[in-house]
$ cat protein15.tsv   # TSV, C-alpha atoms
chain	number	residue	atom	x	y	z
A	1	MET	CA	0.00	0.00	0.00
A	2	ARG	CA	1.28	3.46	-0.80
A	3	ALA	CA	0.93	6.53	1.25
A	4	THR	CA	-1.05	8.50	-1.34
A	5	GLY	CA	-1.29	12.21	-0.58
A	6	PHE	CA	0.02	11.51	2.83
A	7	ARG	CA	3.58	10.89	1.71
A	8	ASP	CA	4.51	14.52	1.44
A	9	LEU	CA	2.30	15.52	4.29
A	10	ILE	CA	4.28	13.16	6.38
A	11	ALA	CA	7.49	14.46	5.06
A	12	ALA	CA	6.16	17.87	5.87
A	13	ALA	CA	5.19	16.70	9.27
A	14	ALA	CA	8.50	15.11	9.72
A	15	VAL	CA	9.90	18.51	9.18
A	16	ALA	CA	7.61	19.76	11.85
A	17	ALA	CA	9.16	17.51	14.39
A	18	LEU	CA	12.12	19.77	14.27
A	19	ALA	CA	10.63	22.48	16.39
A	20	ALA	CA	9.10	22.37	19.78
A	21	THR	CA	9.53	26.08	20.21
A	22	SER	CA	8.35	28.88	18.01
A	23	PRO	CA	10.44	32.00	17.85
A	24	PRO	CA	9.56	34.59	15.24
A	25	ALA	CA	7.45	33.12	12.52
A	26	ALA	CA	9.12	30.51	10.35
A	27	ALA	CA	12.52	31.04	11.78
A	28	ALA	CA	11.55	29.02	14.83
A	29	GLU	CA	14.51	27.03	16.06
A	30	SER	CA	14.62	23.89	18.15
A	31	ALA	CA	17.24	22.90	20.66
A	32	ASP	CA	16.13	19.30	20.19
A	33	GLY	CA	18.67	17.91	17.74
A	34	ALA	CA	17.09	14.46	17.89
A	35	ALA	CA	13.72	15.80	16.73
A	36	LEU	CA	15.36	17.80	13.96
A	37	PHE	CA	17.39	14.79	12.91
A	38	ASP	CA	14.27	12.63	12.67
A	39	ALA	CA	12.26	15.33	10.94
A	40	ALA	CA	14.91	15.78	8.28
A	41	GLY	CA	14.89	12.06	7.48
A	42	CYS	CA	18.61	11.61	8.10
A	43	ALA	CA	18.42	8.02	9.33
A	44	ASN	CA	15.97	6.91	6.65
A	45	CYS	CA	18.30	8.02	3.86
A	46	HIS	CA	21.67	7.20	5.38
A	47	THR	CA	21.00	3.82	7.00
A	48	ASP	CA	20.96	0.74	4.79
A	49	THR	CA	18.45	-1.24	6.82
A	50	LYS	CA	17.83	-3.73	3.99
A	51	GLY	CA	21.52	-4.50	3.76
A	52	GLY	CA	22.07	-4.66	7.49
A	53	GLY	CA	24.17	-1.51	7.55
A	54	LYS	CA	25.06	0.39	10.69
A	55	PRO	CA	23.10	3.54	11.54
A	56	LEU	CA	24.08	6.46	9.28
A	57	ALA	CA	26.84	4.42	7.59
A	58	GLY	CA	25.30	5.08	4.18
A	59	GLY	CA	24.94	2.77	1.20
A	60	VAL	CA	21.25	3.33	0.47
A	61	ALA	CA	20.63	3.20	-3.29
A	62	LEU	CA	18.59	6.02	-4.82
A	63	ASP	CA	17.54	5.13	-8.36
A	64	THR	CA	16.90	8.13	-10.62
A	65	PRO	CA	16.71	8.83	-14.37
A	66	PHE	CA	20.34	9.98	-14.12
A	67	GLY	CA	21.68	6.81	-12.53
A	68	THR	CA	21.96	5.33	-9.06
A	69	PHE	CA	23.15	7.49	-6.19
A	70	ARG	CA	24.50	5.93	-2.99
A	71	THR	CA	24.10	7.84	0.24
A	72	PRO	CA	27.38	8.43	2.11
A	73	ASN	CA	28.51	7.60	5.61
A	74	ILE	CA	27.57	10.52	7.89
A	75	THR	CA	28.58	8.97	11.21
A	76	PRO	CA	31.18	10.83	13.31
A	77	ASP	CA	33.92	8.49	12.05
A	78	ARG	CA	36.82	10.79	11.19
A	79	GLU	CA	38.08	8.78	8.21
A	80	HIS	CA	34.96	7.47	6.50
A	81	GLY	CA	32.27	9.75	7.92
A	82	ILE	CA	32.01	13.41	8.85
A	83	GLY	CA	33.80	13.30	12.21
A	84	ALA	CA	36.49	15.71	11.03
A	85	TRP	CA	33.99	18.32	9.88
A	86	SER	CA	33.82	21.69	11.60
A	87	ASP	CA	30.57	23.54	12.24
A	88	ALA	CA	31.36	25.70	9.21
A	89	ASP	CA	31.86	22.59	7.06
A	90	PHE	CA	28.49	21.22	8.08
A	91	ILE	CA	26.65	24.48	7.48
A	92	ARG	CA	28.32	24.90	4.09
A	93	ALA	CA	27.22	21.41	3.05
A	94	MET	CA	23.64	22.05	4.13
A	95	ARG	CA	23.45	25.66	2.95
A	96	GLU	CA	25.44	25.53	-0.29
A	97	GLY	CA	25.74	21.85	-1.21
A	98	VAL	CA	29.53	22.02	-1.07
A	99	ALA	CA	31.82	19.49	0.65
A	100	PRO	CA	34.80	20.47	2.82
A	101	ASP	CA	37.13	19.74	-0.10
A	102	GLY	CA	35.23	22.21	-2.28
A	103	SER	CA	33.48	19.65	-4.48
A	104	HIS	CA	29.76	19.99	-5.20
A	105	TYR	CA	27.14	17.56	-3.99
A	106	TYR	CA	24.47	16.26	-6.32
A	107	PRO	CA	20.92	17.42	-5.47
A	108	ALA	CA	20.02	13.83	-4.60
A	109	PHE	CA	21.20	15.24	-1.27
A	110	PRO	CA	18.43	17.82	-0.74
A	111	TYR	CA	20.62	20.79	0.11
A	112	THR	CA	18.30	22.72	-2.20
A	113	SER	CA	15.74	22.51	0.63
A	114	TYR	CA	18.02	22.29	3.67
A	115	THR	CA	19.50	25.63	2.62
A	116	ARG	CA	16.37	27.26	4.08
A	117	MET	CA	17.10	26.02	7.60
A	118	THR	CA	18.55	28.27	10.26
A	119	ASP	CA	22.19	27.84	11.29
A	120	ALA	CA	21.02	26.92	14.79
A	121	ASP	CA	18.83	24.07	13.54
A	122	MET	CA	21.61	22.79	11.27
A	123	LEU	CA	24.07	22.72	14.17
A	124	ALA	CA	21.53	21.02	16.43
A	125	ILE	CA	21.43	18.18	13.89
A	126	LYS	CA	25.22	18.09	13.76
A	127	ARG	CA	25.49	17.82	17.55
A	128	HIS	CA	23.05	14.92	17.54
A	129	ILE	CA	24.95	13.10	14.79
A	130	PHE	CA	28.28	13.60	16.54
A	131	ALA	CA	26.87	12.02	19.70
A	132	MET	CA	26.13	8.81	17.78
A	133	GLU	CA	28.34	5.77	17.22
A	134	PRO	CA	31.00	6.17	14.51
A	135	ALA	CA	31.15	3.50	11.81
A	136	ALA	CA	34.34	2.76	9.86
A	137	THR	CA	32.38	1.98	6.70
A	138	PRO	CA	33.63	3.43	3.41
A	139	SER	CA	30.99	5.24	1.37
A	140	LYS	CA	29.96	3.45	-1.80
A	141	PRO	CA	30.42	5.24	-5.14
A	142	HIS	CA	27.55	6.46	-7.29
A	143	ASN	CA	26.75	4.62	-10.51
A	144	LEU	CA	26.21	7.41	-13.03
A	145	GLY	CA	26.73	7.52	-16.77
A	146	PHE	CA	28.30	10.34	-18.76
A	147	PRO	CA	27.84	13.30	-18.46
A	148	PHE	CA	26.14	12.97	-15.07
A	149	ASN	CA	29.30	11.50	-13.55
A	150	GLN	CA	31.06	14.83	-14.14
A	151	ARG	CA	30.54	16.38	-10.73
A	152	TRP	CA	32.15	19.68	-11.72
A	153	LEU	CA	29.14	20.38	-13.93
A	154	MET	CA	27.09	20.97	-10.78
A	155	TRP	CA	28.35	24.55	-10.61
A	156	GLY	CA	26.34	25.28	-13.74
A	157	TRP	CA	23.27	23.42	-12.47
A	158	ASN	CA	23.40	25.41	-9.24
A	159	LEU	CA	23.73	28.64	-11.17
A	160	LEU	CA	20.52	27.84	-13.06
A	161	HIS	CA	18.43	26.09	-10.44
A	162	PHE	CA	19.66	26.83	-6.92
A	163	GLU	CA	19.23	29.87	-4.70
A	164	PRO	CA	20.93	29.39	-1.30
A	165	GLY	CA	19.80	31.09	1.87
A	166	PRO	CA	17.54	30.59	4.90
A	167	TYR	CA	13.78	30.85	4.83
A	168	ILE	CA	12.53	34.42	5.05
A	169	PRO	CA	9.17	34.74	6.87
A	170	ASP	CA	6.31	36.37	4.99
A	171	PRO	CA	5.26	39.41	7.06
A	172	ASP	CA	1.76	39.26	5.53
A	173	ARG	CA	1.17	35.75	6.88
A	174	SER	CA	0.52	34.47	10.38
A	175	GLU	CA	3.24	33.09	12.60
A	176	ALA	CA	1.65	29.65	12.34
A	177	TRP	CA	1.60	29.81	8.53
A	178	ASN	CA	5.26	30.79	8.44
A	179	ARG	CA	6.06	28.01	10.85
A	180	GLY	CA	4.31	25.51	8.60
A	181	ALA	CA	6.09	26.87	5.53
A	182	TYR	CA	9.45	26.53	7.25
A	183	LEU	CA	8.74	22.96	8.29
A	184	VAL	CA	7.46	21.88	4.88
A	185	THR	CA	9.97	23.64	2.64
A	186	ALA	CA	13.17	23.36	4.68
A	187	VAL	CA	13.69	20.48	7.09
A	188	ALA	CA	11.18	17.94	5.82
A	189	HIS	CA	11.96	18.93	2.22
A	190	CYS	CA	8.54	17.70	1.05
A	191	GLY	CA	8.84	19.33	-2.33
A	192	GLU	CA	11.84	17.18	-3.24
A	193	CYS	CA	9.50	14.21	-3.71
A	194	HIS	CA	6.09	15.80	-4.25
A	195	THR	CA	6.99	18.32	-6.94
A	196	PRO	CA	7.48	17.37	-10.63
A	197	ARG	CA	10.97	17.87	-12.04
A	198	GLY	CA	12.29	19.27	-15.25
A	199	ALA	CA	14.60	17.57	-17.75
A	200	LEU	CA	17.68	18.45	-15.66
A	201	GLY	CA	16.19	17.30	-12.37
A	202	ASN	CA	15.18	20.77	-11.21
A	203	LEU	CA	11.91	21.25	-9.33
A	204	ASP	CA	9.07	22.68	-11.42
A	205	MET	CA	7.99	25.39	-8.98
A	206	SER	CA	4.93	26.22	-11.10
A	207	ARG	CA	3.57	22.86	-9.90
A	208	TRP	CA	4.82	23.03	-6.31
A	209	LEU	CA	3.72	19.93	-4.34
A	210	GLY	CA	1.44	18.91	-7.21
A	211	GLY	CA	2.58	15.29	-7.24
A	212	ASN	CA	5.25	13.46	-9.17
A	213	VAL	CA	4.62	10.48	-11.42
A	214	ASP	CA	8.34	9.72	-11.54
A	215	GLY	CA	9.39	9.97	-7.94
A	216	PRO	CA	12.19	8.15	-6.10
A	217	ASP	CA	12.68	4.63	-7.44
A	218	GLY	CA	9.94	5.28	-10.00
A	219	GLU	CA	7.25	5.63	-7.37
A	220	ARG	CA	4.16	7.76	-7.97
A	221	VAL	CA	4.20	10.53	-5.37
A	222	PRO	CA	0.79	12.13	-4.70
A	223	ASN	CA	-0.50	15.64	-5.14
A	224	ILE	CA	-0.76	17.41	-1.76
A	225	THR	CA	-2.06	20.77	-2.95
A	226	PRO	CA	-5.67	21.73	-2.12
A	227	ASP	CA	-7.02	20.71	-5.54
A	228	ARG	CA	-10.43	19.17	-4.81
A	229	GLU	CA	-10.30	16.58	-7.59
A	230	THR	CA	-6.72	15.33	-7.50
A	231	GLY	CA	-5.19	16.73	-4.31
A	232	ILE	CA	-6.23	17.20	-0.69
A	233	GLY	CA	-8.76	19.97	-1.26
A	234	THR	CA	-11.55	17.99	0.39
A	235	TRP	CA	-9.46	17.40	3.53
A	236	SER	CA	-9.86	19.54	6.62
A	237	ALA	CA	-6.97	20.90	8.64
A	238	SER	CA	-7.76	18.32	11.33
A	239	ASP	CA	-7.64	15.54	8.69
A	240	ILE	CA	-4.10	16.56	7.81
A	241	ALA	CA	-3.04	16.91	11.44
A	242	PHE	CA	-4.49	13.49	12.29
A	243	LEU	CA	-2.72	11.94	9.32
A	244	LEU	CA	0.57	13.34	10.54
A	245	ASP	CA	-0.12	12.00	14.01
A	246	ALA	CA	-1.73	8.59	13.41
A	247	GLY	CA	-0.99	7.80	9.77
A	248	MET	CA	-4.64	7.48	8.79
A	249	MET	CA	-6.32	9.23	5.87
A	250	PRO	CA	-9.87	10.61	5.88
A	251	ASP	CA	-11.17	7.54	4.02
A	252	GLY	CA	-9.84	5.25	6.74
A	253	ASP	CA	-6.90	3.96	4.71
A	254	VAL	CA	-3.60	3.81	6.55
A	255	VAL	CA	-0.07	4.57	5.52
A	256	GLY	CA	2.31	1.76	4.80
A	257	GLY	CA	5.47	1.00	2.88
A	258	SER	CA	8.21	3.59	2.92
A	259	MET	CA	6.07	6.09	4.81
A	260	TYR	CA	5.76	3.91	7.90
A	261	PRO	CA	9.24	4.62	9.29
A	262	VAL	CA	8.86	8.31	8.47
A	263	ILE	CA	5.82	8.47	10.72
A	264	GLU	CA	7.10	6.23	13.49
A	265	ASP	CA	10.52	7.88	13.60
A	266	GLY	CA	9.31	11.44	13.68
A	267	THR	CA	5.85	12.63	12.79
A	268	ASP	CA	3.94	10.88	15.55
A	269	SER	CA	5.91	12.95	18.07
A	270	LEU	CA	5.11	16.31	16.50
A	271	THR	CA	3.45	18.91	18.64
A	272	GLY	CA	-0.17	19.74	17.92
A	273	PRO	CA	0.67	23.35	16.97
A	274	ASP	CA	3.30	22.17	14.48
A	275	ARG	CA	0.87	19.76	12.81
A	276	ASP	CA	-1.72	22.51	12.66
A	277	ALA	CA	0.85	24.89	11.16
A	278	ILE	CA	1.67	22.41	8.42
A	279	ALA	CA	-2.03	21.98	7.65
A	280	GLU	CA	-2.54	25.73	7.50
A	281	TYR	CA	0.33	26.12	5.06
A	282	LEU	CA	-0.68	23.24	2.79
A	283	LEU	CA	-4.30	24.28	2.56
A	284	SER	CA	-3.27	27.83	1.60
A	285	LEU	CA	-1.34	26.76	-1.51
A	286	PRO	CA	-2.56	27.30	-5.08
A	287	PRO	CA	-4.34	24.11	-6.25
A	288	VAL	CA	-2.51	22.06	-8.86
A	289	SER	CA	-4.50	19.59	-10.96
A	290	ASN	CA	-2.63	16.36	-11.57
A	291	PRO	CA	-4.90	13.40	-12.45
A	292	ASN	CA	-1.86	11.14	-12.69
A	293	ALA	CA	-0.88	11.73	-9.07
A	294	ARG	CA	-4.16	11.75	-7.20
A	295	ALA	CA	-3.88	12.10	-3.46
A	296	THR	CA	-7.42	10.85	-2.92
A	297	LYS	CA	-6.89	7.53	-4.69
A	298	ALA	CA	-5.59	4.82	-2.40
A	299	GLU	CA	-3.26	2.35	-4.06
$ encode --input "protein15.tsv" --output "structure tokens"
Amino acid sequence: MRATGFRDLIAAAAVAALAATSPPAAAAESADGAALFDAAGCANCHTDTKGGGKPLAGGVALDTPFGTFRTPNITPDREHGIGAWSDADFIRAMREGVAPDGSHYYPAFPYTSYTRMTDADMLAIKRHIFAMEPAATPSKPHNLGFPFNQRWLMWGWNLLHFEPGPYIPDPDRSEAWNRGAYLVTAVAHCGECHTPRGALGNLDMSRWLGGNVDGPDGERVPNITPDRETGIGTWSASDIAFLLDAGMMPDGDVVGGSMYPVIEDGTDSLTGPDRDAIAEYLLSLPPVSNPNARATKAE
């Protein structure tokens, strides 16, 4: 069973787990590195559970139209992980998509969304990671064909499709709306899966969160805009909040598959205000019609 429209909601909710406090609008920061870590999906992407890998030791295969990416070791091991990274190194990776050696990351690592996080939230995640067990596991190489294996070309991709910098609250919106926007767009990086992509892998922002028929590993990712026919436009704010808390959709269907760990490892511990903030943000978006990625059709 797939997680229909809930997949991105959950991702969004996961993002919400990151903040138990709410400073000014969307810039709310959380001292809880564990919650931020879970909300950002770090363990889900960097732990090869199917292959019996150690936590955060990498090796998870991400199949895309450009080839297969392998997530790296991000344990605090100094040789094979990120244990030798400074705070500045970590922030640069998250904010700019650049490694300590100056090489560019591929956007399979969602720095294009993480860039919107505050420095404080980034460093809270780093502190949590550095308190975990190091693993002396070498990172596996990507399997990419030409020209996608030419990492230096990322400078041009970034020039065309990437704008670094933290989320800037909208002064015309409520604090809760800004909080929801921050959680959805930055930490939980919902748009990375729920937004269609262009020929070069860039997000099509004209169809923000409108569903993706060619998502990760070829999966259909649902539309989570408030379109009444193909999205979540018939859902109430409480429907969304309950989904993020209990994993159940308005029709009684439940989330399964890849969404299960996302919920259990983060979204079920979200605060009520954070879930409500996510719902407020999602329901305020322009509707996108996408019959091929219906959120209301359980699969």
$ residues_around --input "protein15.tsv" --residues "Gly67 of chain A" --least-positions-apart "5" --cutoff "7 Å" --atoms "only C-alpha atoms" --output "list in words"
Asn143, Leu144 and Gly145 of chain A
$ closest_atom_pairs --input "protein15.tsv" --of "segment 114-194 of chain A" --to "segment 33-45 of chain A" --cutoff "7 Å" --atoms "all atoms listed in the file" --output "Markdown table"
| residue | atom | partner | partner_atom | distance |
| --- | --- | --- | --- | --- |
| A:Ala124 | CA | A:Gly33 | CA | 4.4 |
| A:Ile125 | CA | A:Gly33 | CA | 4.7 |
| A:Arg127 | CA | A:Gly33 | CA | 6.8 |
| A:His128 | CA | A:Gly33 | CA | 5.3 |
| A:Val187 | CA | A:Ala40 | CA | 5.0 |
| A:Ala188 | CA | A:Ala40 | CA | 5.0 |
$ closest_residue --input "protein15.tsv" --among "A:Leu244, A:Met154, A:Ala136, A:Leu200" --to "Gly83 of chain A" --atoms "all atoms listed in the file"
A:Ala136
$ closest_residue --input "protein15.tsv" --among "A:Phe242, A:Tyr281, A:Phe66, A:Tyr114" --to "Asn178 of chain A" --atoms "all atoms listed in the file"
A:Tyr281
$ residues_around --input "protein15.tsv" --residues "Pro250 of chain A" --least-positions-apart "2" --cutoff "8 Å" --atoms "all atoms listed in the file" --output "number ranges by chain"
A: 235, 239, 248, 252-253
$ atom_distance --input "protein15.tsv" --atom1 "atom CA of Ser86 of chain A" --atom2 "atom CA of Pro100 of chain A"
8.9 Å
$ atom_distance --input "protein15.tsv" --atom1 "atom CA of Asp204 of chain A" --atom2 "atom CA of Ala277 of chain A"
24.1 Å
$ residues_near_point --input "protein15.tsv" --point "(9.7, 33.2, 4.5)" --cutoff "7 Å" --atoms "only C-alpha atoms" --output "ChimeraX atom specification"
/A:26,167-170,178
$ closest_residue --input "protein15.tsv" --among "A:Met132, A:Ala176, A:Ala88, A:Ile278" --to "Cys190 of chain A" --atoms "only C-alpha atoms"
A:Ile278
$ closest_residue --input "protein15.tsv" --among "A:Arg294, A:Arg151, A:His104, A:Lys140" --to "Ala57 of chain A" --atoms "only C-alpha atoms"
A:Lys140
$ atom_distance --input "protein15.tsv" --atom1 "atom CA of Pro107 of chain A" --atom2 "atom CA of Leu282 of chain A"
23.8 Å
$ closest_residue --input "protein15.tsv" --among "A:Ala246, A:Leu62, A:Ala295, A:Leu285" --to "Val213 of chain A" --atoms "all atoms listed in the file"
A:Ala295
$ residues_near_point --input "protein15.tsv" --point "(32.2, 9.0, 1.2)" --cutoff "9 Å" --atoms "all atoms listed in the file" --output "NGL selection string"
:A and (58 or 71-74 or 80-82 or 137-141)
$ closest_residue --input "protein15.tsv" --among "A:Met249, A:Ala93, A:Leu203, A:Val221" --to "Leu160 of chain A" --atoms "all atoms listed in the file"
A:Leu203
$ residues_around --input "protein15.tsv" --residues "Ala108 of chain A" --least-positions-apart "2" --cutoff "10 Å" --atoms "only C-alpha atoms" --output "VMD selection string"
chain A and resid 62 to 64 68 to 71 105 to 106 110 to 112 192 201 216
